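Single-structure report; data block below.
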Amino acid sequence: KRPCVVRGRVLAPDGTPVPGAKVDVWQSDDEGFYDVQRDDVSNGTGRGLFTADGEGRFWFRSVVPSHYPIPTDGPVGRLLEASGRHQFRPAHIHFIIEAPGFTQLTTHLFVADSPYIDSDAVFAVSSSLIAEFTEVTDPESAAEVGLAAPYWTTEADFVLRPVKGSA
């Protein structure tokens with residue numbers, strides 16, 4: 001397992017923070033499984049609900065997720081086979097971010113060194129969504145976030161679009 005810390009900021013288009021934004025996060029584990037696919041973990045593992053602070057910031061501890069295959073036993077599998085494509089998604093973390101006066105944002109962050117980053121089965125990767133996860137080996141930094149060294153970290157800004165007609 002590669003423990004990690006994800007830090008983010010929720011911003012308005014002009015770069016001002018969006019305090020109190022709700023951040024809903026979910027991801028696969030380090031073996032490519034979501035909590036609902038495993039009998040040996042409790043529901044809610046790999047999921048979190050966070051509230052951005054007064055500066056629009058949030059952070060959480062997790063593990064660097066893994067790539068995984070999508071099911072191929074139905075029409076998607078037939079489509080992938082007919083098009084000569086593989087069934088894998090690169091490692092990613094899902095986000096839904098919302099705040100009053102802004103349009104809800106649903107997006108991903110993709111792990112830069114993940115296999116399949118250039119050939120996602122569902123064509124969801126764009127360069128702006130690729131995040132570098134950097135290894136941190138300093139024990140003091142690790143202790144500050146409640147982890148042992150080494151751990152990995154990434155940071156991302158999420159920009160919300162104002163609802164039309166709002167100030």
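By order in the structure tokens, chains are A, B, ...; within a chain, residues start at 1; ligands start at 1, following the order shown.
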Enumerate, as a ChimeraX atom specification, the complete set of residues in chain A that a backbone-based DSSP assignment places in strand (DSSP E or B).
/A:3-11,17,22-27,47-51,57-63,68-69,88-89,92-98,102,105-111,130-131,134-136,151-159,162
So that I can see what lies close to stretch 92-102 of chain A, please list as a PyMOL selection string the residues with an atom at most 9 Å from it, counting only C-alpha atoms and leaving out residues fewer than 5 positions away in the same chain.
chain A and resi 10+12+18-28+64-67+107-111+114+130+158+160-164+166-167
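The helix (DSSP H, G or I) portion of chain A consists of Asp35, Val36, Gln37, Pro75, Val76, Gly77, Arg78, Leu79, Leu80, Glu81, Ala82, Ser83, Ser127, Ser128, Leu129, Pro139, Glu140, Ser141, Ala142, Ala143 and Glu144 of chain A, with states taken from DSSP on the backbone.
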Close residues, A:Ala149 itself excluded, 7 Å, only C-alpha atoms, min 5 positions apart in chain, as a ChimeraX atom specification
/A:136-139,142
May I ask which of the residues A:Ser42, A:Glu132, A:Phe50, A:Gly74 is the closest one to A:Glu155, counting only C-alpha atoms?
A:Glu132
Computed interatomic separation between atom CA of A:Asn43 and atom CA of A:Asp29 (Å):
12.4 Å
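Minimum distance to A:Leu80 across A:Leu49, A:Ile117, A:Val41, A:Val122 (counting only C-alpha atoms) occurs at A:Val122.
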If you measure from atom CA of A:Val159 to atom CA of A:Gly8, what distance in Å do you get, rounded to one decimal?
10.6 Å
Would you mind listing what lies within 12 Å of A:Val145 as a ChimeraX atom specification, with only C-alpha atoms counted and same-chain residues fewer than 4 positions away left out?
/A:3-7,59-62,136,138-141,149-153
Can you spit out the residues from that selection as a PDB file, in the first residue's frame, using C-alpha atoms?
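Dumped to result-v7.pdb:
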ATOM      1  CA  PRO A   3      -0.584   5.814   1.880  1.00  0.00           C
ATOM      2  CA  CYS A   4      -1.282   9.296   0.599  1.00  0.00           C
ATOM      3  CA  VAL A   5      -2.499  12.756   1.482  1.00  0.00           C
ATOM      4  CA  VAL A   6      -4.660  14.632  -1.000  1.00  0.00           C
ATOM      5  CA  ARG A   7      -4.881  18.390  -0.584  1.00  0.00           C
ATOM      6  CA  TRP A  59      -7.340  17.515   2.786  1.00  0.00           C
ATOM      7  CA  PHE A  60      -7.641  13.820   3.546  1.00  0.00           C
ATOM      8  CA  ARG A  61      -5.573  10.689   4.056  1.00  0.00           C
ATOM      9  CA  SER A  62      -6.095   7.635   1.867  1.00  0.00           C
ATOM     10  CA  VAL A 136       7.529  12.166   0.980  1.00  0.00           C
ATOM     11  CA  ASP A 138      10.556  12.945   5.892  1.00  0.00           C
ATOM     12  CA  PRO A 139       9.319  11.359   9.166  1.00  0.00           C
ATOM     13  CA  GLU A 140       8.382  14.745  10.669  1.00  0.00           C
ATOM     14  CA  SER A 141       6.183  15.646   7.690  1.00  0.00           C
ATOM     15  CA  ALA A 149       7.115   7.745   6.084  1.00  0.00           C
ATOM     16  CA  PRO A 150       7.140   7.217   3.225  1.00  0.00           C
ATOM     17  CA  TYR A 151       3.802   8.485   1.997  1.00  0.00           C
ATOM     18  CA  TRP A 152       2.670  10.135  -1.226  1.00  0.00           C
ATOM     19  CA  THR A 153       0.965  13.487  -1.680  1.00  0.00           C
TER      20      THR A 153
END
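With only C-alpha atoms as the atoms that count, the minimum distance from A:Tyr34 to the choices A:Thr106, A:Pro69, A:Ala82, A:Gly54 is reached by A:Pro69.
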Å distance separating atom CA of A:His86 from atom CA of A:Ala156, one decimal place
28.7 Å
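Minimum atom-to-atom distances from A:Arg85, A:Arg78, A:Lys1, A:Arg9 to A:Glu31 were compared using only C-alpha atoms, and the lowest value belongs to A:Lys1.
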